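Peer 1: Here's a structure for you.
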Amino acid sequence: MPDGALTAKRQEIALLRRLEERILWLAAWTIHNANHLRESRDGLKVGGHQASSASLTTIMTALYMKALRPQDRVAVKPHASPVFHAIQHLFGRQSLDNLKRFRALGGAQSYPSRTKDVDDVDFSTGSVGLGVAMTAFASLTQDYLAARGAVKPEKMGRMISLLGDAELDEGNIYEALIEACKHDIRNTWWIVDYNRQSLDATTQDRMFTRYGEIFEAAGWAVETLKWSRRQREAFARPGGDKLQAWIETAPNDLFSALTYQGGAAWRERLTADLADSPEALALIAAYKDVDLAELMTELGGHCLETLLEAFEKASQDDRPRFFIAYTVKGLRLPFQGHKDNHAGLMTPAQIAELRARLGVVEGEEWDPLSGLSAAERTAIKGLVARAPFAAEVERNHLAPQIPTPSASELLAAVAGGGDQSTQAAFGKVMFEIAARKDEFAGRVVTTSPDVTVSTNLGGFVNRRGVFQRRAHDDVFKRRRIPSAQVWSKAETGQHVELGIAENNLFIALAALGLTAPLFGERLFPVGTLYDPFIARGLDALNYACYQDARFLLVATPSGLTLAPEGGAHQSINAPVIGMAQPGLDTYEPAFADETAVLMAHAFERIQAKDGASTYLRLSTRAIPQPDRTGEAWRQGVIDGGYWLRAPARGARLAIAYSGALAPEALAAFEALAEDMPEAGLLAVTSADLLHRDWTASGRARWTGEGARTSTIETLLAPLAQGAGLVTLTDGAPLALSWLGSVRGQRVRALGLETFGQSGDLPDLYAKYRLDADAVLDACADLLA
């Protein structure tokens with residue numbers, strides 16, 4: 001490198017170091033202000049993770065100020081959010097007021113949030129490990145769009161996760177890694193803040209070599225950034241090999257303890273352990289205590305030269321990369337290396353010492369460039385402005401609206417007599433969508449964790465194929481072996497086949513459901529799984545909804561009605577899970593036509609400004625279909641309920657049911673109607689929407705929004721004030737038991753409260769009191 005270029009590079013590194021110190025300061029001060037200076041009205045500790053922020057500051061400075069391009073997307077380690085907000089403030093994307101209100105209402109969030117932060121958050125993080133997996137599936141999603149020309153090669157971004165080494169204990173990371181290997185993902189960087197400390201303790205030594213082996217086996221390039229430039233220079237001196245060997249073999253807990261104790265402790269221990277090497281002792285003696293401490297603790301993850309060289313090298317190809325960046329938790333803070341520093345907070349005296357050490361003027365703490373010379377301020381501002389990631393480009397896109405099929409169009413797919421199940425109806429609708437030639441059909445993408453066939457997606461995949469970056473022959477077809485599944489595998493395929501890991505399904509839906517804001521391209525993701533295994537991926541489902549990802553989730557078969565499979569496959573609390581999940585509209589249709597109407601509605605909700613994702617709880621039970629007249633019933637299905645048999649005004653009894661138990665409810669109603677023709681039969685398609693609407697209408701009365709009558713209040717209005725309600729659902733009875741609170745009516749709630757077992761429907765319905773006789777007994781009890 002010419003002398004001039006070398007000088008310029010050194011000057012830039014010096015400026016970056018100065019900037020990195022101020023990013024550390026602003027992050028630490030933001031936390032200090034929230035805990036020590038801002039008024040505390042409840043006495044609770046605010047927190048903020050100063051140590052976890054300090055260990056990642058250099059890495060984030062190198063990334064955001066040099067390595068990242070506008071099209072790159074980052075999932076930031078949750079506990080480094082103060083560093084992220086500080087950097088965004090330097091870019092002008094986060095306000096000072098929000099920093100001052102860090103972890104307060106309306107301020108910068110404790111963990112980066114797409115929906116609640118105003119700055120440029122790509123992926124929400126918080127539940128550790130999920131943001132990591134998200135980047136893998138975002139990369140897969142980018143490949144899916146690129147195969148369709150929606151993302152140009154020059155606009156392909158890197159999907160980057162910054163994670164703490166303790167996050168590597170999360171099993172979902174390895175589930176995602178396996179899936180990433182299967183799909184041959186690219187343009188993915190996982191950068192580990194390898195500070196060898198978790199929340200409770202120092203991490204085990206034996207794992208540090210294993211991580212690289214695991215990722216190499218999965219086809220990733222592994223880059224270990226262990227040594228800084230300063231350390232490499234020291235190791236090259238006489239005795240340096242002994243010093244390097246000592247660090248290599250030092251237990252993590254010992255290294256952390258000496259880091260906390262400082263230069264004198266380092267000197268004492270190294271002098272004792274390296275006493276047989278005069279050259280090593282001379283090397284150690286050449287450093288003052290403070291310099292020796294810096295030499296020992298400035299590892300690769302704290303060296304800008306090391307990081308920038310590694311990131312530049314990695315930018316030359318699109319291989320997935322796993323960086324192990326050695327760091328010190330809390331570096332440069334008074335509790336650096338201490339095993340209890342995870343939630344530690346600097347005292348006012350300690351923050352004052354840091355302020356003085358960094359040259360920040362007292363009273364100017366919120367000015368990240370306080371105390372710097374005019375020349376330094378100008379140079380640093382120029383450095384920030386020149387950062388590729390600072391470019392004023394649109395990163396949060398608005399996708400154009402795509403016309404979606406009407407309910408009438410989808411109803412045509414399930415028209416006809418005979419018994420049908422809601423799962424079969426779903427398959428018919430998807431099969432017809434696959435036959436469409438419009439833009440909507442081309443933007444539907446399906447995915448399933450190894451249950452594509454058993455959830456009735458097979459017909460869609462036969463017509464639209466499986467997505468795979470490298471085309472693959474169907475050997476059975478080529479060898480003329482009959483099979484119902486004729487799945488072509490190529491870049492044009494519209495089904496993403498996953499292994500049997502529900503967590504991956506929900507992270508995939510999160511990535512596919514965010515293509516509009518991330519890439520400016522709308523997809524309509526449809527994911528299927530078995531209803532009892534919703535709970536296996538519940539953390540990831542919550543994560544997807546928290547980011548406002550949009551998708552249609554189809555869980556089938558459901559409940560005790562999955563009779564022969566036994567208790568392990570019979571879902572109990574899934575309806576309640578759906579009701580409690582924000583950002584997710586939960587429905588349980590009973591009939592094929594209801595399913596078609598709700599699917600049309602779900603596709604509309606995916607791209608509505610105030611929309612949401614939709615969860616359909618379906619069944620394999622084929623039941624007789626109702627004769628419909630008119631279209632009024634359709635709105636009731638969408639709103640959450642309608643009278644299948646309307647009650648007379650003043651009726652003293654009604655039956656309310658959900659889903660596959662419609663025949664039992666109808667049989668009981670018909671028997672009841674012989675003596676009580678005024679009774680009613682209420683079809684509840686969404687306990688979720690009915691309950692949400694009811695509670696919202698109640699709040700409106702005291703929040704100034706104006707009084708209004710909820711849907712369920714209107715539906716129940718014809719009943720007498722003291723009328724009884726029998727509710728019936730194939731799941732937890734509390735999903736419908738709340739109906740009695742709407743107008744103060746007595747309720748007998750039937751449902752499933754214990755684990756089921758194998759059997760046929762007549763036996764199981766009778767045993768668990770879900771049959772028509774049980775409904776009639778409950779009616780008699782209410783009328784007694």
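Here's how to read the names in the structure tokens: chain A, B, ... by the order shown, residue numbers from 1 in each chain, ligand numbers from 1 in the order shown.
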Could you name the residues that touch Leu739 (chain A) at 12 Å or less, counting only C-alpha atoms, but leaving out those on the same chain fewer than 2 positions away, as a PyMOL selection string?

Peer 2: chain A and resi 641+654-657+682+684+687-688+690-691+694-695+711-713+715-716+723-728+733-737+741-749

Peer 1: What lies within 8 Å of Ala596 (chain A) using only C-alpha atoms, ignoring chain neighbours under 3 positions off, as a list in words?

Peer 2: Ala407, Leu410, Leu411, Val414, Ala425, Phe426, Val429, Ala592, Asp593, Met599 and Ala600 of chain A

Peer 1: Identify which of the residues A:Arg148, A:Arg332, A:Arg73, A:His601 lies closest to Tyr260 (chain A), counting only C-alpha atoms when measuring atom-to-atom distances.

Peer 2: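 Counting only C-alpha atoms, the residue closest to Tyr260 (chain A) is A:Arg332.
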
Peer 1: Would you list the contacts of Arg692 (chain A) as a PyMOL selection string, taking every protein, DNA or RNA residue within 12 Å and counting only C-alpha atoms, but skipping same-chain residues closer than 5 positions in sequence?

Peer 2: chain A and resi 578-586+639-640+686-687+697-699+710-712+738

Peer 1: List the neighbours of Arg617 (chain A) out to 10 Å using only C-alpha atoms; skip same-chain residues closer than 2 positions along the sequence, and give me the result as a ChimeraX atom specification.

Peer 2: /A:422-423,530-531,553-559,574-575,578,586-590,595,614-615,619,659-660,685-686

Peer 1: List every residue of region 226-336 of chain A that DSSP, applied to the backbone, labels as strand (DSSP E or B), and write the result as a list in words.

Peer 2: Trp227, Leu299, Arg321, Phe322, Phe323, Ile324, Ala325 and Tyr326 of chain A

Peer 1: Take the residues that were just selected and, keeping C-alpha atoms, output them as a CSV table (one decimal), in the first residue's frame.

Peer 2:
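So the final result, stored in out.csv, reads:
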chain,number,residue,atom,x,y,z
A,227,TRP,CA,-6.3,-11.5,18.2
A,299,LEU,CA,-9.0,-9.1,21.7
A,321,ARG,CA,-20.2,-16.8,7.4
A,322,PHE,CA,-19.9,-17.5,11.1
A,323,PHE,CA,-17.7,-15.0,12.8
A,324,ILE,CA,-16.4,-15.8,16.3
A,325,ALA,CA,-15.3,-12.4,17.5
A,326,TYR,CA,-13.5,-12.6,20.9

Peer 1: Give me the residues near Lys66 (chain A) as JSON, numbers by chain, where near means some atom within 8 Å (using only C-alpha atoms) and where sequence neighbours in that chain fewer than 3 positions away do not count.

Peer 2: {"A": [61, 62, 63, 308, 387, 388, 389]}

Peer 1: Go ahead and save the picked residues with C-alpha atoms, as a PDB file, in the first residue's frame.

Peer 2:
ATOM      1  CA  THR A  61     -18.976   0.650  14.814  1.00  0.00           C
ATOM      2  CA  ALA A  62     -17.047  -1.299  12.192  1.00  0.00           C
ATOM      3  CA  LEU A  63     -20.265  -2.564  10.640  1.00  0.00           C
ATOM      4  CA  LEU A 308     -12.629  -4.312   8.970  1.00  0.00           C
ATOM      5  CA  ALA A 387     -20.782   5.685   5.810  1.00  0.00           C
ATOM      6  CA  PRO A 388     -22.552   3.646   3.097  1.00  0.00           C
ATOM      7  CA  PHE A 389     -25.299   2.768   5.553  1.00  0.00           C
TER       8      PHE A 389
END

Peer 1: Mind checking which residues fall within 7 Å of region 243-259 of chain A, counting only C-alpha atoms, ignoring those fewer than 4 positions away in the same chain, and posting them as number ranges by chain?

Peer 2: A: 196, 202, 205, 235, 239, 265-266, 280, 297, 336-338

Peer 1: Calculated over only C-alpha atoms, which of the candidates A:Leu616, A:Ala343, A:Ala501, A:Ala138 has the smallest distance to Asn35 (chain A)?

Peer 2: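 Counting only C-alpha atoms, the residue closest to Asn35 (chain A) is A:Ala343.
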
Peer 1: Just to confirm, what's the straight-line distance from CA of Gly680 (chain A) to CA of Leu644 (chain A) in Å (one decimal)?

Peer 2: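 So the two atoms, CA of Gly680 (chain A) and CA of Leu644 (chain A), lie 7.9 Å apart.
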
Peer 1: Region 458-647 of chain A: which residues are alpha helix (DSSP H) by DSSP, as number ranges by chain?

Peer 2: A: 458-464, 475-478, 502-512, 515-519, 538-546, 574-580, 592-607, 632-639

Peer 1: Residues near Ser421 (chain A), anyone? I mean within 6 Å using only C-alpha atoms, not counting same-chain ones fewer than 6 positions away, as a list of chain:residue names.

Peer 2: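 These residues fall inside the cut-off: A:Thr620, A:Arg621, A:Ala622.
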
Peer 1: Kindly indicate which residue among A:Ala34, A:Ala510, A:Ile59, A:Ala435 lies nearest to Leu345 (chain A), using only C-alpha atoms for the distances.

Peer 2: A:Ala34

Peer 1: Counting only C-alpha atoms, which residue out of A:Ala646, A:Leu523, A:Ala67, A:Leu140 sits closest to Ile402 (chain A)?

Peer 2: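 Between A:Ala646, A:Leu523, A:Ala67, A:Leu140, the residue approaching Ile402 (chain A) most closely is A:Leu523.
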
Peer 1: Using only C-alpha atoms for the distances, tell me which of A:Ala563, A:Ala133, A:Ala549, A:Val461 is nearest to Gly756 (chain A).

Peer 2: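 Between A:Ala563, A:Ala133, A:Ala549, A:Val461, the residue approaching Gly756 (chain A) most closely is A:Ala563.
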
Peer 1: Please report the interatomic distance between CA of Val128 (chain A) and CA of Asn503 (chain A) in Å with one decimal.

Peer 2: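 Taking CA of Val128 (chain A) as the start and CA of Asn503 (chain A) as the end point, the length is 13.3 Å.
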
Peer 1: Have a look at CA of Leu750 (chain A) and CA of Val775 (chain A) and let me know their distance in Å, one decimal.

Peer 2: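 Going from CA of Leu750 (chain A) over to CA of Val775 (chain A), I get 7.7 Å.
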